[in-house]
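Raw contents of query23.pdb, PDB, C-alpha atoms and all ligand atoms:
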```
ATOM      1  CA  MET A  10      16.326  27.836 -46.334  1.00  0.00           C
ATOM      2  CA  SER A  11      13.949  25.440 -44.636  1.00  0.00           C
ATOM      3  CA  TYR A  12      13.342  24.757 -40.944  1.00  0.00           C
ATOM      4  CA  ASP A  13      15.899  22.475 -39.279  1.00  0.00           C
ATOM      5  CA  SER A  14      14.539  20.815 -36.134  1.00  0.00           C
ATOM      6  CA  SER A  15      18.026  20.251 -34.710  1.00  0.00           C
ATOM      7  CA  ASN A  16      18.243  23.928 -33.594  1.00  0.00           C
ATOM      8  CA  ILE A  17      18.700  24.582 -29.871  1.00  0.00           C
ATOM      9  CA  PHE A  18      15.251  26.105 -29.275  1.00  0.00           C
ATOM     10  CA  ALA A  19      13.590  23.061 -30.874  1.00  0.00           C
ATOM     11  CA  LYS A  20      15.587  20.950 -28.397  1.00  0.00           C
ATOM     12  CA  ILE A  21      14.343  23.135 -25.521  1.00  0.00           C
ATOM     13  CA  LEU A  22      10.759  22.784 -26.820  1.00  0.00           C
ATOM     14  CA  ARG A  23      11.149  18.990 -26.926  1.00  0.00           C
ATOM     15  CA  GLY A  24      12.532  19.027 -23.365  1.00  0.00           C
ATOM     16  CA  GLU A  25      15.892  17.658 -24.511  1.00  0.00           C
ATOM     17  CA  ILE A  26      17.857  20.491 -22.935  1.00  0.00           C
ATOM     18  CA  PRO A  27      16.939  22.677 -19.950  1.00  0.00           C
ATOM     19  CA  CYS A  28      16.047  26.348 -19.860  1.00  0.00           C
ATOM     20  CA  HIS A  29      15.173  28.942 -17.223  1.00  0.00           C
ATOM     21  CA  LYS A  30      11.473  28.827 -18.018  1.00  0.00           C
ATOM     22  CA  VAL A  31       9.180  31.723 -17.149  1.00  0.00           C
ATOM     23  CA  TYR A  32       5.926  30.757 -18.861  1.00  0.00           C
ATOM     24  CA  GLU A  33       4.467  28.143 -21.190  1.00  0.00           C
ATOM     25  CA  ASP A  34       1.117  27.621 -22.878  1.00  0.00           C
ATOM     26  CA  ALA A  35      -0.120  25.581 -25.840  1.00  0.00           C
ATOM     27  CA  ASP A  36       1.375  28.009 -28.346  1.00  0.00           C
ATOM     28  CA  ALA A  37       4.554  29.456 -26.867  1.00  0.00           C
ATOM     29  CA  ILE A  38       7.310  29.199 -24.294  1.00  0.00           C
ATOM     30  CA  VAL A  39       9.103  32.062 -22.551  1.00  0.00           C
ATOM     31  CA  PHE A  40      12.573  31.646 -21.027  1.00  0.00           C
ATOM     32  CA  MET A  41      15.619  33.670 -20.040  1.00  0.00           C
ATOM     33  CA  ASP A  42      18.311  34.350 -22.658  1.00  0.00           C
ATOM     34  CA  VAL A  43      21.517  32.685 -21.377  1.00  0.00           C
ATOM     35  CA  MET A  44      23.701  35.446 -22.859  1.00  0.00           C
ATOM     36  CA  PRO A  45      21.669  38.501 -21.872  1.00  0.00           C
ATOM     37  CA  GLN A  46      22.209  41.833 -23.560  1.00  0.00           C
ATOM     38  CA  SER A  47      20.594  43.524 -20.558  1.00  0.00           C
ATOM     39  CA  ALA A  48      19.501  42.381 -17.100  1.00  0.00           C
ATOM     40  CA  GLY A  49      16.284  40.426 -17.550  1.00  0.00           C
ATOM     41  CA  HIS A  50      16.725  39.666 -21.284  1.00  0.00           C
ATOM     42  CA  THR A  51      13.936  37.200 -22.090  1.00  0.00           C
ATOM     43  CA  LEU A  52      12.939  35.217 -25.181  1.00  0.00           C
ATOM     44  CA  VAL A  53       9.388  34.571 -26.385  1.00  0.00           C
ATOM     45  CA  VAL A  54       9.331  31.507 -28.628  1.00  0.00           C
ATOM     46  CA  PRO A  55       6.258  30.295 -30.545  1.00  0.00           C
ATOM     47  CA  LYS A  56       6.076  26.492 -30.534  1.00  0.00           C
ATOM     48  CA  ALA A  57       5.088  26.241 -34.206  1.00  0.00           C
ATOM     49  CA  PRO A  58       8.165  25.487 -36.276  1.00  0.00           C
ATOM     50  CA  SER A  59       9.354  28.341 -38.442  1.00  0.00           C
ATOM     51  CA  ARG A  60      12.875  29.470 -39.168  1.00  0.00           C
ATOM     52  CA  ASN A  61      12.106  33.113 -38.456  1.00  0.00           C
ATOM     53  CA  LEU A  62       9.534  35.830 -39.185  1.00  0.00           C
ATOM     54  CA  LEU A  63       9.944  35.448 -42.944  1.00  0.00           C
ATOM     55  CA  ASP A  64       8.429  31.949 -43.135  1.00  0.00           C
ATOM     56  CA  ALA A  65       6.088  32.208 -40.124  1.00  0.00           C
ATOM     57  CA  ASP A  66       2.362  31.577 -40.375  1.00  0.00           C
ATOM     58  CA  PRO A  67       0.601  34.952 -39.871  1.00  0.00           C
ATOM     59  CA  ALA A  68      -1.810  33.192 -37.494  1.00  0.00           C
ATOM     60  CA  VAL A  69       1.155  32.282 -35.267  1.00  0.00           C
ATOM     61  CA  LEU A  70       2.345  35.897 -35.321  1.00  0.00           C
ATOM     62  CA  ALA A  71      -1.131  37.148 -34.458  1.00  0.00           C
ATOM     63  CA  LYS A  72      -1.136  34.929 -31.353  1.00  0.00           C
ATOM     64  CA  VAL A  73       2.420  35.604 -30.213  1.00  0.00           C
ATOM     65  CA  ILE A  74       2.526  39.410 -30.351  1.00  0.00           C
ATOM     66  CA  PRO A  75       0.045  39.870 -27.463  1.00  0.00           C
ATOM     67  CA  LEU A  76       2.301  37.560 -25.426  1.00  0.00           C
ATOM     68  CA  VAL A  77       5.357  39.628 -26.414  1.00  0.00           C
ATOM     69  CA  GLN A  78       3.490  42.695 -25.139  1.00  0.00           C
ATOM     70  CA  LYS A  79       2.490  40.965 -21.895  1.00  0.00           C
ATOM     71  CA  VAL A  80       6.050  39.815 -21.191  1.00  0.00           C
ATOM     72  CA  ALA A  81       7.461  43.255 -22.057  1.00  0.00           C
ATOM     73  CA  VAL A  82       5.106  44.964 -19.598  1.00  0.00           C
ATOM     74  CA  ALA A  83       5.896  42.383 -16.886  1.00  0.00           C
ATOM     75  CA  ALA A  84       9.658  42.575 -17.522  1.00  0.00           C
ATOM     76  CA  LYS A  85       9.677  46.379 -17.252  1.00  0.00           C
ATOM     77  CA  ALA A  86       8.001  46.072 -13.846  1.00  0.00           C
ATOM     78  CA  ALA A  87       9.927  43.003 -12.626  1.00  0.00           C
ATOM     79  CA  PHE A  88      13.357  44.456 -13.363  1.00  0.00           C
ATOM     80  CA  ASN A  89      12.552  48.111 -12.562  1.00  0.00           C
ATOM     81  CA  ALA A  90      13.510  49.007 -16.120  1.00  0.00           C
ATOM     82  CA  ASP A  91      13.125  52.446 -17.689  1.00  0.00           C
ATOM     83  CA  GLY A  92      12.193  51.025 -21.101  1.00  0.00           C
ATOM     84  CA  VAL A  93      12.145  47.841 -23.157  1.00  0.00           C
ATOM     85  CA  SER A  94      13.710  47.004 -26.522  1.00  0.00           C
ATOM     86  CA  ILE A  95      12.088  44.262 -28.614  1.00  0.00           C
ATOM     87  CA  ALA A  96      14.241  42.617 -31.294  1.00  0.00           C
ATOM     88  CA  GLN A  97      13.753  39.870 -33.850  1.00  0.00           C
ATOM     89  CA  PHE A  98      16.484  38.865 -36.310  1.00  0.00           C
ATOM     90  CA  ASN A  99      16.144  37.087 -39.653  1.00  0.00           C
ATOM     91  CA  GLU A 100      18.903  35.028 -41.293  1.00  0.00           C
ATOM     92  CA  PRO A 101      22.625  35.373 -40.542  1.00  0.00           C
ATOM     93  CA  ALA A 102      22.861  38.642 -42.456  1.00  0.00           C
ATOM     94  CA  GLY A 103      20.062  39.938 -40.223  1.00  0.00           C
ATOM     95  CA  GLY A 104      21.911  38.923 -37.056  1.00  0.00           C
ATOM     96  CA  GLN A 105      20.052  35.643 -36.410  1.00  0.00           C
ATOM     97  CA  THR A 106      22.010  32.863 -34.694  1.00  0.00           C
ATOM     98  CA  VAL A 107      19.263  30.376 -33.670  1.00  0.00           C
ATOM     99  CA  PHE A 108      16.958  29.362 -36.497  1.00  0.00           C
ATOM    100  CA  HIS A 109      13.617  28.970 -34.749  1.00  0.00           C
ATOM    101  CA  LEU A 110      11.435  32.097 -34.592  1.00  0.00           C
ATOM    102  CA  HIS A 111      11.818  34.073 -31.364  1.00  0.00           C
ATOM    103  CA  PHE A 112      11.399  37.576 -30.011  1.00  0.00           C
ATOM    104  CA  HIS A 113      13.922  39.253 -27.722  1.00  0.00           C
ATOM    105  CA  ILE A 114      12.542  41.276 -24.791  1.00  0.00           C
ATOM    106  CA  MET A 115      15.352  43.409 -23.430  1.00  0.00           C
ATOM    107  CA  PRO A 116      14.638  45.620 -20.413  1.00  0.00           C
ATOM    108  CA  ARG A 117      16.515  48.920 -20.772  1.00  0.00           C
ATOM    109  CA  TYR A 118      18.014  51.105 -18.093  1.00  0.00           C
ATOM    110  CA  ASP A 119      18.719  54.841 -18.485  1.00  0.00           C
ATOM    111  CA  GLY A 120      22.308  55.424 -19.560  1.00  0.00           C
ATOM    112  CA  GLN A 121      23.116  51.710 -20.050  1.00  0.00           C
ATOM    113  CA  PRO A 122      23.927  50.473 -23.560  1.00  0.00           C
ATOM    114  CA  LEU A 123      23.023  46.919 -24.575  1.00  0.00           C
ATOM    115  CA  GLN A 124      25.707  44.244 -24.149  1.00  0.00           C
ATOM    116  CA  LEU A 125      26.951  42.484 -27.295  1.00  0.00           C
ATOM    117  CA  HIS A 126      24.603  39.948 -28.908  1.00  0.00           C
ATOM    118  CA  ALA A 127      24.985  36.288 -27.811  1.00  0.00           C
ATOM    119  CA  ARG A 128      28.452  36.861 -26.375  1.00  0.00           C
ATOM    120  CA  LYS A 129      28.720  36.418 -22.583  1.00  0.00           C
ATOM    121  CA  MET A 130      27.085  33.597 -20.603  1.00  0.00           C
ATOM    122  CA  GLU A 131      25.260  34.702 -17.428  1.00  0.00           C
ATOM    123  CA  ASP A 132      25.506  32.786 -14.134  1.00  0.00           C
ATOM    124  CA  SER A 133      22.805  30.170 -13.817  1.00  0.00           C
ATOM    125  CA  ALA A 134      21.828  31.496 -10.359  1.00  0.00           C
ATOM    126  CA  VAL A 135      21.220  34.989 -11.778  1.00  0.00           C
ATOM    127  CA  LEU A 136      19.103  33.564 -14.619  1.00  0.00           C
ATOM    128  CA  ALA A 137      17.109  31.447 -12.167  1.00  0.00           C
ATOM    129  CA  ALA A 138      16.465  34.447  -9.900  1.00  0.00           C
ATOM    130  CA  ASN A 139      15.420  36.586 -12.876  1.00  0.00           C
ATOM    131  CA  ALA A 140      13.057  33.873 -14.134  1.00  0.00           C
ATOM    132  CA  GLU A 141      11.387  33.817 -10.706  1.00  0.00           C
ATOM    133  CA  LYS A 142      11.051  37.634 -10.663  1.00  0.00           C
ATOM    134  CA  LEU A 143       9.450  37.642 -14.095  1.00  0.00           C
ATOM    135  CA  LYS A 144       7.168  34.719 -13.233  1.00  0.00           C
ATOM    136  CA  ALA A 145       5.920  36.652 -10.220  1.00  0.00           C
ATOM    137  CA  ALA A 146       5.283  39.775 -12.312  1.00  0.00           C
ATOM    138  CA  LEU A 147       3.330  37.728 -14.867  1.00  0.00           C
ATOM    139  CA  ALA A 148       1.189  35.976 -12.269  1.00  0.00           C
TER     140      ALA A 148
HETATM  141  P1  LIG A 201      19.220  35.304 -32.424  1.00  0.00           P
HETATM  142  O1  LIG A 201      20.625  35.731 -32.732  1.00  0.00           O
HETATM  143  O2  LIG A 201      18.189  36.349 -32.605  1.00  0.00           O
HETATM  144  O3  LIG A 201      18.918  34.022 -33.143  1.00  0.00           O
HETATM  145  O4  LIG A 201      19.199  35.040 -30.861  1.00  0.00           O
HETATM  146  C1  LIG A 201      19.482  33.831 -30.257  1.00  0.00           C
HETATM  147  C2  LIG A 201      19.553  34.122 -28.792  1.00  0.00           C
HETATM  148  O5  LIG A 201      19.505  32.911 -28.116  1.00  0.00           O
HETATM  149  C3  LIG A 201      20.846  34.817 -28.339  1.00  0.00           C
HETATM  150  O6  LIG A 201      20.510  36.020 -27.661  1.00  0.00           O
HETATM  151  C4  LIG A 201      21.508  33.800 -27.424  1.00  0.00           C
HETATM  152  O7  LIG A 201      22.127  34.407 -26.329  1.00  0.00           O
HETATM  153  C5  LIG A 201      20.346  32.950 -27.007  1.00  0.00           C
HETATM  154  N1  LIG A 201      20.622  31.559 -26.674  1.00  0.00           N
HETATM  155  C6  LIG A 201      21.426  30.694 -27.319  1.00  0.00           C
HETATM  156  N2  LIG A 201      21.363  29.471 -26.749  1.00  0.00           N
HETATM  157  C7  LIG A 201      20.472  29.567 -25.738  1.00  0.00           C
HETATM  158  C8  LIG A 201      19.954  28.655 -24.773  1.00  0.00           C
HETATM  159  N3  LIG A 201      20.344  27.386 -24.726  1.00  0.00           N
HETATM  160  N4  LIG A 201      19.057  29.101 -23.869  1.00  0.00           N
HETATM  161  C9  LIG A 201      18.654  30.397 -23.893  1.00  0.00           C
HETATM  162  N5  LIG A 201      19.090  31.304 -24.771  1.00  0.00           N
HETATM  163  C10 LIG A 201      19.985  30.901 -25.688  1.00  0.00           C
END
```

Can you present the structure in this file as structure tokens?
Amino acid sequence: MSYDSSNIFAKILRGEIPCHKVYEDADAIVFMDVMPQSAGHTLVVPKAPSRNLLDADPAVLAKVIPLVQKVAVAAKAAFNADGVSIAQFNEPAGGQTVFHLHFHIMPRYDGQPLQLHARKMEDSAVLAANAEKLKAALA
């Protein structure tokens, strides 16, 4: 399968639809997942077009993983989490639903299981407040 630029993250990258943005640089954008699996669930999205990890340029991966680490550390602090799960899904059989490479940063809280994947929309006000918290932790 090849990259299809009509996916929703490509639209966010082109500014065609809004997101609760936390961070952006020349290579990546970071925003809140609208259907969080845990409080503070955040997505790190390289700007370079690739469908997922399987077709990604290794140079893009080499640049994005330090950002994944930085956001994970900041999210753990910002949301007073006990741990962080990082996820990345490839192809429908692998659980992928949006076909532009991204990494899930999911703060984890002792005794709390993850919510179902891409199932329940969070209130915009909660997402906005969480984006601000994470922005502050990254600053
Ligand atoms: P995946 O299944 O790994 O492709 O994950 C896609 C993720 O994107 C899911 O966790 C969705 O909740 C999330 N998502 C879908 N649409 C949007 C959107 N417009 N803004 C932010 N997150 C989104």

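In this comparison, which uses all atoms listed in the file, the residue of A:Ala57, A:Val69, A:Ile74, A:Ala140 approaching ligand LIG 201 (chain A) most closely is A:Ala140.
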
Check every protein, DNA and RNA residue against ligand LIG 201 (chain A), keep those with an atom at most 9 Å away (counting all atoms listed in the file), and present them as a CSV table (one decimal) with C-alpha atoms, keeping the file's coordinate frame.
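This is the output file pocket.csv:
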```csv
chain,number,residue,atom,x,y,z
A,17,ILE,CA,18.7,24.6,-29.9
A,18,PHE,CA,15.3,26.1,-29.3
A,20,LYS,CA,15.6,21.0,-28.4
A,21,ILE,CA,14.3,23.1,-25.5
A,26,ILE,CA,17.9,20.5,-22.9
A,27,PRO,CA,16.9,22.7,-20.0
A,28,CYS,CA,16.0,26.3,-19.9
A,29,HIS,CA,15.2,28.9,-17.2
A,40,PHE,CA,12.6,31.6,-21.0
A,41,MET,CA,15.6,33.7,-20.0
A,42,ASP,CA,18.3,34.4,-22.7
A,43,VAL,CA,21.5,32.7,-21.4
A,44,MET,CA,23.7,35.4,-22.9
A,45,PRO,CA,21.7,38.5,-21.9
A,46,GLN,CA,22.2,41.8,-23.6
A,50,HIS,CA,16.7,39.7,-21.3
A,51,THR,CA,13.9,37.2,-22.1
A,52,LEU,CA,12.9,35.2,-25.2
A,61,ASN,CA,12.1,33.1,-38.5
A,96,ALA,CA,14.2,42.6,-31.3
A,97,GLN,CA,13.8,39.9,-33.8
A,98,PHE,CA,16.5,38.9,-36.3
A,99,ASN,CA,16.1,37.1,-39.7
A,100,GLU,CA,18.9,35.0,-41.3
A,101,PRO,CA,22.6,35.4,-40.5
A,103,GLY,CA,20.1,39.9,-40.2
A,104,GLY,CA,21.9,38.9,-37.1
A,105,GLN,CA,20.1,35.6,-36.4
A,106,THR,CA,22.0,32.9,-34.7
A,107,VAL,CA,19.3,30.4,-33.7
A,108,PHE,CA,17.0,29.4,-36.5
A,109,HIS,CA,13.6,29.0,-34.7
A,110,LEU,CA,11.4,32.1,-34.6
A,111,HIS,CA,11.8,34.1,-31.4
A,112,PHE,CA,11.4,37.6,-30.0
A,113,HIS,CA,13.9,39.3,-27.7
A,126,HIS,CA,24.6,39.9,-28.9
A,127,ALA,CA,25.0,36.3,-27.8
A,128,ARG,CA,28.5,36.9,-26.4
A,129,LYS,CA,28.7,36.4,-22.6
A,130,MET,CA,27.1,33.6,-20.6
```

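What separates atom CA of A:Ala81 from atom CA of A:Asp34 is a distance of 16.9 Å.
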
Result set, the PyMOL selection byres (((chain A and resi 142) around 12) and not hetatm) on current file, as a PDB file with C-alpha atoms, in the coordinates of the input:
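Here's the written file expr-v7.pdb:
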```pdb
ATOM      1  CA  HIS A  29      15.173  28.942 -17.223  1.00  0.00           C
ATOM      2  CA  LYS A  30      11.473  28.827 -18.018  1.00  0.00           C
ATOM      3  CA  VAL A  31       9.180  31.723 -17.149  1.00  0.00           C
ATOM      4  CA  TYR A  32       5.926  30.757 -18.861  1.00  0.00           C
ATOM      5  CA  MET A  41      15.619  33.670 -20.040  1.00  0.00           C
ATOM      6  CA  ALA A  48      19.501  42.381 -17.100  1.00  0.00           C
ATOM      7  CA  GLY A  49      16.284  40.426 -17.550  1.00  0.00           C
ATOM      8  CA  THR A  51      13.936  37.200 -22.090  1.00  0.00           C
ATOM      9  CA  VAL A  80       6.050  39.815 -21.191  1.00  0.00           C
ATOM     10  CA  ALA A  83       5.896  42.383 -16.886  1.00  0.00           C
ATOM     11  CA  ALA A  84       9.658  42.575 -17.522  1.00  0.00           C
ATOM     12  CA  LYS A  85       9.677  46.379 -17.252  1.00  0.00           C
ATOM     13  CA  ALA A  86       8.001  46.072 -13.846  1.00  0.00           C
ATOM     14  CA  ALA A  87       9.927  43.003 -12.626  1.00  0.00           C
ATOM     15  CA  PHE A  88      13.357  44.456 -13.363  1.00  0.00           C
ATOM     16  CA  ASN A  89      12.552  48.111 -12.562  1.00  0.00           C
ATOM     17  CA  VAL A 135      21.220  34.989 -11.778  1.00  0.00           C
ATOM     18  CA  LEU A 136      19.103  33.564 -14.619  1.00  0.00           C
ATOM     19  CA  ALA A 137      17.109  31.447 -12.167  1.00  0.00           C
ATOM     20  CA  ALA A 138      16.465  34.447  -9.900  1.00  0.00           C
ATOM     21  CA  ASN A 139      15.420  36.586 -12.876  1.00  0.00           C
ATOM     22  CA  ALA A 140      13.057  33.873 -14.134  1.00  0.00           C
ATOM     23  CA  GLU A 141      11.387  33.817 -10.706  1.00  0.00           C
ATOM     24  CA  LEU A 143       9.450  37.642 -14.095  1.00  0.00           C
ATOM     25  CA  LYS A 144       7.168  34.719 -13.233  1.00  0.00           C
ATOM     26  CA  ALA A 145       5.920  36.652 -10.220  1.00  0.00           C
ATOM     27  CA  ALA A 146       5.283  39.775 -12.312  1.00  0.00           C
ATOM     28  CA  LEU A 147       3.330  37.728 -14.867  1.00  0.00           C
ATOM     29  CA  ALA A 148       1.189  35.976 -12.269  1.00  0.00           C
TER      30      ALA A 148
END
```

Worksheet item: Please, what distance in Å, to one decimal, runs between atom CA of A:Asp13 and atom CA of A:Arg60?
Response: 7.6 Å

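Taking only C-alpha atoms into account, A:Tyr12 lies nearest to A:Ser59 out of the set A:Ser59, A:Gln121, A:Ser94, A:Gln78.
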
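Note that atom CA of A:Asp64 and atom CA of A:Met10 are 9.5 Å apart.
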
Discussion item. Need to verify the contact set: A:Ala19, 9 Å, all atoms listed in the file, exclusion of same-chain residues closer than 5 positions in sequence. Can you return it as a ChimeraX atom specification?
Written reply: /A:13-14,24-25,56,58,109

Produce a file of the selected residues containing C-alpha atoms, as a compact mmCIF listing (two decimals), in the coordinates of the input.
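Wrote selection_25.txt, looks like this:
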```txt
# COMPACT_ATOMS: atom_id res chain seq x y z
CA ASP A 13 15.90 22.48 -39.28
CA SER A 14 14.54 20.82 -36.13
CA GLY A 24 12.53 19.03 -23.36
CA GLU A 25 15.89 17.66 -24.51
CA LYS A 56 6.08 26.49 -30.53
CA PRO A 58 8.16 25.49 -36.28
CA HIS A 109 13.62 28.97 -34.75
```
